[in-house]
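What follows is a short report on a single structure.
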Amino acid sequence: MMNLKLTSIGLLSAALLAVGCNEKPKKEETTTSTEEKIVDTHTSENSLDWNGTYKGILPCADCEGIETSLLLNLDKTYIVTTTYLGKEEEPSEKSGSFTWNAKGNQITLDGDKNQQYAVGENTLTKLDNQGAKIEGALANKYVLSKEQIISDEALTGKKWRLVKLMGQPVSEIGKTTSEPFIQFFAEENRVSGNAGCNSFTGSYTLKESNRFETSKLASTMKACLDMKVESQFMGILEKADTYTIKDGVLSITKARMAPLAVFELAE
């Protein structure tokens, strides 16, 4: 009887062992992630419409404030005009080039650490010389706001021939070696022309109610025998701030007074 029990146990063990050998080992379940880390390549430099004119009044240690106008061009050049309020000083203008940082969110004017700005949506924020935002109660005072560009197809993309200065025909003022004219280009808000002897170029900004302003204009330096027309023309461009167009005639004025200069469309 004992031998029978041992035989039965042996047979059962053999059967179980056989079943265990026939079973295939289960593979460990592995999961693979197909998700890839998305890198945001958008920067202020490549995603914002950053070119244009930014204005504001920056804090000043020994004056009422620094009235600042900073024009950024697509070719990475700039023109900045500053006026120290409360001081009897003429506005100062400087031009040069700027660079972007590696992240594409800050610019530096002419490599000057004291002229670093963070570029945001329609804003420039002046930074300290370490490239960090200035904190504290005056933080908002370091922000320049972008002027909204106003375009006028009746004005831009045309050649306007100068015919009168201060109500007097150009031919009666003096002789010119070149035809005086002016052109406004919507791209980059550029203005150029000829004053009767020398060519000039600069930038301009259109505002509401047909108001405008030009930057300090750069010109060639030729000497001509008669500079009367050129002298008057360039002086008028510096102070005119309003324009009107009617029947193909462009008039520019100061504070909507009598026309300082009158132009006709050149054929």
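The chains in the structure tokens are called A, B, ... from first to last as shown; in each chain the residues are counted from 1, and the ligands are counted from 1 in the order shown.
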
Neighbours of Ile66 (chain A) within 7 Å (only C-alpha atoms; same-chain residues fewer than 5 positions away dropped), as a count of residues only? 8

Please run DSSP on the backbone and report, as a ChimeraX atom specification, all residues within region 55-253 of chain A that come out as strand (DSSP E). /A:55-58,65-72,77-85,92-100,106-109,116-120,123-126,143-146,159-165,168-169,181-185,190-194,199-206,212-214,218-219,242-246,249-253

Here CA of Phe200 (chain A) and CA of Thr68 (chain A) stand apart by 23.7 Å

Residues within 12 Å of region 126-130 of chain A, only C-alpha atoms, excluding chain neighbours under 3 positions, as a PyMOL selection string: chain A and resi 54-59+68+70+105-109+111-120+123+133-135+138-145

Export C-alpha atoms of the chosen residues as a PDB file, in the first residue's frame?
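What landed in out17.pdb:
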ATOM      1  CA  TYR A  54       8.726 102.888 -30.325  1.00  0.00           C
ATOM      2  CA  LYS A  55       8.156 105.883 -28.085  1.00  0.00           C
ATOM      3  CA  GLY A  56       8.036 106.715 -24.399  1.00  0.00           C
ATOM      4  CA  ILE A  57       9.600 108.729 -21.596  1.00  0.00           C
ATOM      5  CA  LEU A  58      12.342 106.869 -19.741  1.00  0.00           C
ATOM      6  CA  PRO A  59      13.351 107.748 -16.152  1.00  0.00           C
ATOM      7  CA  THR A  68      12.742 108.625 -26.482  1.00  0.00           C
ATOM      8  CA  LEU A  70      13.516 104.464 -31.305  1.00  0.00           C
ATOM      9  CA  ASN A 105      14.049  88.038 -27.459  1.00  0.00           C
ATOM     10  CA  GLN A 106      16.456  90.913 -26.762  1.00  0.00           C
ATOM     11  CA  ILE A 107      18.384  93.447 -28.829  1.00  0.00           C
ATOM     12  CA  THR A 108      21.503  95.485 -28.115  1.00  0.00           C
ATOM     13  CA  LEU A 109      22.257  98.762 -29.862  1.00  0.00           C
ATOM     14  CA  GLY A 111      26.960  96.299 -28.687  1.00  0.00           C
ATOM     15  CA  ASP A 112      26.381  98.762 -25.815  1.00  0.00           C
ATOM     16  CA  LYS A 113      25.365  96.928 -22.609  1.00  0.00           C
ATOM     17  CA  ASN A 114      23.584 100.077 -21.451  1.00  0.00           C
ATOM     18  CA  GLN A 115      21.346  99.926 -24.528  1.00  0.00           C
ATOM     19  CA  GLN A 116      19.656  96.530 -24.205  1.00  0.00           C
ATOM     20  CA  TYR A 117      15.941  96.046 -24.779  1.00  0.00           C
ATOM     21  CA  ALA A 118      13.531  93.136 -24.370  1.00  0.00           C
ATOM     22  CA  VAL A 119      11.291  92.853 -27.437  1.00  0.00           C
ATOM     23  CA  GLY A 120       7.631  92.097 -26.762  1.00  0.00           C
ATOM     24  CA  THR A 123       6.744  97.004 -26.764  1.00  0.00           C
ATOM     25  CA  LYS A 133      14.430  93.682 -16.441  1.00  0.00           C
ATOM     26  CA  ILE A 134      14.444  96.569 -13.998  1.00  0.00           C
ATOM     27  CA  GLU A 135      12.253  95.885 -10.959  1.00  0.00           C
ATOM     28  CA  LEU A 138       9.481 102.498 -11.788  1.00  0.00           C
ATOM     29  CA  ALA A 139       9.503  99.242 -13.769  1.00  0.00           C
ATOM     30  CA  ASN A 140       6.658 100.324 -16.067  1.00  0.00           C
ATOM     31  CA  LYS A 141       8.482 103.565 -16.870  1.00  0.00           C
ATOM     32  CA  TYR A 142      11.115 101.627 -18.833  1.00  0.00           C
ATOM     33  CA  VAL A 143       8.638 100.442 -21.481  1.00  0.00           C
ATOM     34  CA  LEU A 144       8.473 102.025 -24.945  1.00  0.00           C
ATOM     35  CA  SER A 145       5.280 101.481 -26.938  1.00  0.00           C
TER      36      SER A 145
END

Considering only C-alpha atoms, give me a table of residues in region 95-174 of chain A that are at most 12 Å from region 252-262 of chain A, with the closest atom pair and distance in Å for each, as a tab-separated table.
residue	atom	partner	partner_atom	distance
A:Leu155	CA	A:Ile252	CA	11.5
A:Trp160	CA	A:Val262	CA	9.0
A:Arg161	CA	A:Val262	CA	8.4
A:Leu162	CA	A:Val262	CA	6.1
A:Val163	CA	A:Val262	CA	5.8
A:Lys164	CA	A:Val262	CA	5.0
A:Leu165	CA	A:Ala261	CA	4.6
A:Met166	CA	A:Leu260	CA	4.7
A:Gly167	CA	A:Leu260	CA	7.0
A:Gln168	CA	A:Ala261	CA	9.0
A:Pro169	CA	A:Val262	CA	9.2
A:Val170	CA	A:Ala261	CA	9.7

Separation of CA of Ser192 (chain A) from CA of Phe233 (chain A), in Å and rounded to one decimal: 12.9 Å

What's around Asn46 (chain A) at 12 Å? Count only C-alpha atoms, leave out sequence neighbours fewer than 4 positions away in its own chain, and write the answer as number ranges by chain. A: 40-42, 50-51, 74, 100, 103-105, 119-120

Extract, using only C-alpha atoms, all DNA, RNA and protein residues at most 12 Å from Asp247 (chain A), discarding same-chain residues fewer than 6 positions from it, and format them as a list of chain:residue names.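 Close residues of Asp247 (chain A): A:Ala154, A:Phe263, A:Glu264, A:Leu265.
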
Atoms to include: N, CA, C and O atoms. Write the selected residues as an mmCIF file, in the first residue's frame.
data_model
loop_
_atom_site.group_PDB
_atom_site.id
_atom_site.type_symbol
_atom_site.label_atom_id
_atom_site.label_comp_id
_atom_site.auth_asym_id
_atom_site.auth_seq_id
_atom_site.Cartn_x
_atom_site.Cartn_y
_atom_site.Cartn_z
ATOM 1 N N ALA A 154 -2.711 106.967 -51.201
ATOM 2 C CA ALA A 154 -2.741 108.192 -52.012
ATOM 3 C C ALA A 154 -1.418 108.942 -51.913
ATOM 4 O O ALA A 154 -1.060 109.713 -52.806
ATOM 5 N N PHE A 263 3.254 120.157 -53.953
ATOM 6 C CA PHE A 263 3.814 119.210 -54.914
ATOM 7 C C PHE A 263 2.744 118.757 -55.909
ATOM 8 O O PHE A 263 1.547 118.721 -55.555
ATOM 9 N N GLU A 264 3.180 118.390 -57.086
ATOM 10 C CA GLU A 264 2.290 117.773 -58.064
ATOM 11 C C GLU A 264 2.845 116.415 -58.439
ATOM 12 O O GLU A 264 4.066 116.188 -58.361
ATOM 13 N N LEU A 265 1.970 115.521 -58.857
ATOM 14 C CA LEU A 265 2.411 114.204 -59.289
ATOM 15 C C LEU A 265 3.298 114.327 -60.512
ATOM 16 O O LEU A 265 2.942 114.988 -61.497
#

I'd like the neighbourhood of Leu72 (chain A) as a tab-separated table (two decimals) with N, CA, C and O atoms, in the first residue's frame, where a residue qualifies if any of its atoms comes within 10 Å (using only C-alpha atoms), though same-chain residues fewer than 4 positions away should be ignored.
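Saved as out_37.tsv:
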chain	number	residue	atom	x	y	z
A	50	TRP	N	8.23	93.26	-35.37
A	50	TRP	CA	8.94	94.13	-34.44
A	50	TRP	C	9.44	95.42	-35.06
A	50	TRP	O	9.75	96.37	-34.33
A	51	ASN	N	9.59	95.49	-36.38
A	51	ASN	CA	10.13	96.72	-36.97
A	51	ASN	C	9.11	97.86	-36.86
A	51	ASN	O	7.91	97.65	-36.97
A	52	GLY	N	9.61	99.06	-36.61
A	52	GLY	CA	8.73	100.22	-36.45
A	52	GLY	C	9.32	101.18	-35.44
A	52	GLY	O	10.47	101.07	-35.03
A	53	THR	N	8.51	102.15	-35.03
A	53	THR	CA	8.96	103.20	-34.11
A	53	THR	C	8.33	103.00	-32.74
A	53	THR	O	7.12	102.81	-32.62
A	54	TYR	N	9.16	103.05	-31.71
A	54	TYR	CA	8.73	102.89	-30.33
A	54	TYR	C	8.99	104.19	-29.58
A	54	TYR	O	10.06	104.80	-29.72
A	76	LYS	N	18.17	95.66	-39.53
A	76	LYS	CA	18.85	95.71	-38.24
A	76	LYS	C	19.64	96.99	-38.03
A	76	LYS	O	20.69	97.00	-37.38
A	77	THR	N	19.13	98.07	-38.57
A	77	THR	CA	19.66	99.39	-38.27
A	77	THR	C	18.62	100.13	-37.42
A	77	THR	O	17.45	99.75	-37.40
A	78	TYR	N	19.06	101.17	-36.75
A	78	TYR	CA	18.15	101.91	-35.89
A	78	TYR	C	18.45	103.40	-35.95
A	78	TYR	O	19.54	103.82	-36.34
A	79	ILE	N	17.45	104.18	-35.55
A	79	ILE	CA	17.62	105.62	-35.34
A	79	ILE	C	16.94	105.94	-34.01
A	79	ILE	O	15.75	105.64	-33.84
A	80	VAL	N	17.67	106.51	-33.08
A	80	VAL	CA	17.08	106.86	-31.79
A	80	VAL	C	17.21	108.37	-31.58
A	80	VAL	O	18.26	108.96	-31.81
A	97	SER	N	23.52	100.14	-35.74
A	97	SER	CA	22.95	98.82	-35.98
A	97	SER	C	22.76	98.10	-34.65
A	97	SER	O	23.39	98.44	-33.65
A	98	PHE	N	21.88	97.11	-34.65
A	98	PHE	CA	21.62	96.36	-33.43
A	98	PHE	C	21.73	94.86	-33.71
A	98	PHE	O	21.67	94.41	-34.86
A	188	GLU	N	9.10	99.89	-44.72
A	188	GLU	CA	10.07	100.46	-43.77
A	188	GLU	C	9.86	101.95	-43.52
A	188	GLU	O	10.71	102.62	-42.93

Check the smallest atom-to-atom distance from each of A:Lys246, A:Glu89, A:Gly235, A:Thr43 to Ala102 (chain A) using only C-alpha atoms, then report the winner. A:Thr43

Could you tell me, as a VMD selection string, which residues of region 85-176 of chain A DSSP assigns to helix (DSSP H, G or I) when given the backbone? chain A and resid 139 to 142 170 to 173

Once you have the residues from the selection above, write them out as a JSON list (two decimals), in the first residue's frame, restricted to all heavy atoms.
[["chain", "number", "residue", "atom", "x", "y", "z"],
["A", 139, "ALA", "N", 9.32, 100.25, -12.72],
["A", 139, "ALA", "CA", 9.50, 99.24, -13.77],
["A", 139, "ALA", "C", 8.72, 99.57, -15.04],
["A", 139, "ALA", "O", 9.25, 99.45, -16.16],
["A", 139, "ALA", "CB", 9.09, 97.87, -13.24],
["A", 140, "ASN", "N", 7.49, 100.02, -14.89],
["A", 140, "ASN", "CA", 6.66, 100.32, -16.07],
["A", 140, "ASN", "C", 7.15, 101.54, -16.84],
["A", 140, "ASN", "O", 6.77, 101.74, -18.00],
["A", 140, "ASN", "CB", 5.20, 100.54, -15.64],
["A", 140, "ASN", "CG", 4.55, 99.26, -15.16],
["A", 140, "ASN", "OD1", 4.96, 98.17, -15.54],
["A", 140, "ASN", "ND2", 3.53, 99.39, -14.32],
["A", 141, "LYS", "N", 7.98, 102.36, -16.21],
["A", 141, "LYS", "CA", 8.48, 103.56, -16.87],
["A", 141, "LYS", "C", 9.56, 103.24, -17.91],
["A", 141, "LYS", "O", 9.94, 104.12, -18.69],
["A", 141, "LYS", "CB", 9.07, 104.53, -15.83],
["A", 141, "LYS", "CG", 8.08, 105.00, -14.78],
["A", 141, "LYS", "CD", 7.01, 105.90, -15.36],
["A", 141, "LYS", "CE", 6.11, 106.47, -14.27],
["A", 141, "LYS", "NZ", 5.06, 107.35, -14.83],
["A", 142, "TYR", "N", 10.05, 102.02, -17.91],
["A", 142, "TYR", "CA", 11.11, 101.63, -18.83],
["A", 142, "TYR", "C", 10.57, 100.96, -20.10],
["A", 142, "TYR", "O", 11.33, 100.38, -20.86],
["A", 142, "TYR", "CB", 12.10, 100.70, -18.13],
["A", 142, "TYR", "CG", 12.95, 101.40, -17.11],
["A", 142, "TYR", "CD1", 12.54, 101.49, -15.78],
["A", 142, "TYR", "CD2", 14.15, 102.01, -17.47],
["A", 142, "TYR", "CE1", 13.31, 102.15, -14.83],
["A", 142, "TYR", "CE2", 14.92, 102.68, -16.53],
["A", 142, "TYR", "CZ", 14.49, 102.75, -15.22],
["A", 142, "TYR", "OH", 15.25, 103.42, -14.29],
["A", 170, "VAL", "N", 8.75, 127.60, -57.41],
["A", 170, "VAL", "CA", 10.15, 127.23, -57.24],
["A", 170, "VAL", "C", 11.04, 127.99, -58.22],
["A", 170, "VAL", "O", 12.13, 128.46, -57.87],
["A", 170, "VAL", "CB", 10.32, 125.71, -57.42],
["A", 170, "VAL", "CG1", 11.80, 125.33, -57.52],
["A", 170, "VAL", "CG2", 9.66, 124.96, -56.27],
["A", 171, "SER", "N", 10.57, 128.15, -59.44],
["A", 171, "SER", "CA", 11.38, 128.82, -60.48],
["A", 171, "SER", "C", 11.69, 130.26, -60.12],
["A", 171, "SER", "O", 12.67, 130.84, -60.62],
["A", 171, "SER", "CB", 10.66, 128.75, -61.82],
["A", 171, "SER", "OG", 9.40, 129.39, -61.74],
["A", 172, "GLU", "N", 10.88, 130.89, -59.26],
["A", 172, "GLU", "CA", 11.11, 132.28, -58.88],
["A", 172, "GLU", "C", 12.03, 132.40, -57.67],
["A", 172, "GLU", "O", 12.48, 133.50, -57.34],
["A", 172, "GLU", "CB", 9.78, 132.96, -58.59],
["A", 172, "GLU", "CG", 8.87, 133.08, -59.82],
["A", 172, "GLU", "CD", 7.56, 133.76, -59.50],
["A", 172, "GLU", "OE1", 7.43, 134.26, -58.35],
["A", 172, "GLU", "OE2", 6.67, 133.79, -60.38],
["A", 173, "ILE", "N", 12.26, 131.29, -56.99],
["A", 173, "ILE", "CA", 13.11, 131.34, -55.79],
["A", 173, "ILE", "C", 14.59, 131.23, -56.15],
["A", 173, "ILE", "O", 15.44, 131.93, -55.61],
["A", 173, "ILE", "CB", 12.71, 130.20, -54.82],
["A", 173, "ILE", "CG1", 11.26, 130.39, -54.36],
["A", 173, "ILE", "CG2", 13.65, 130.15, -53.62],
["A", 173, "ILE", "CD1", 10.73, 129.25, -53.53]]

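For the choices A:Ala195, A:Ala266, A:Ala240, A:Cys63, the atom-to-atom distance to Thr220 (chain A) is smallest for A:Ala195 when using only C-alpha atoms.
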
Which polymer residues have any atom within 6 Å of an atom of region 182-187 of chain A, counting only C-alpha atoms, with same-chain residues fewer than 2 positions away left out, as a list in words? Thr156, Gly157, Lys158, Lys159, Trp160, Asn189, Arg190, Val191, Ser192 and Gly193 of chain A

Straight-line distance linking CA of Lys222 (chain A) with CA of Gly202 (chain A), stated in Å to one decimal: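 These two atoms are separated by 17.8 Å.
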
Minimum-distance residue to Cys224 (chain A), chosen among A:Ser209, A:Gly131, A:Asn101, A:Thr176 (using only C-alpha atoms): A:Thr176
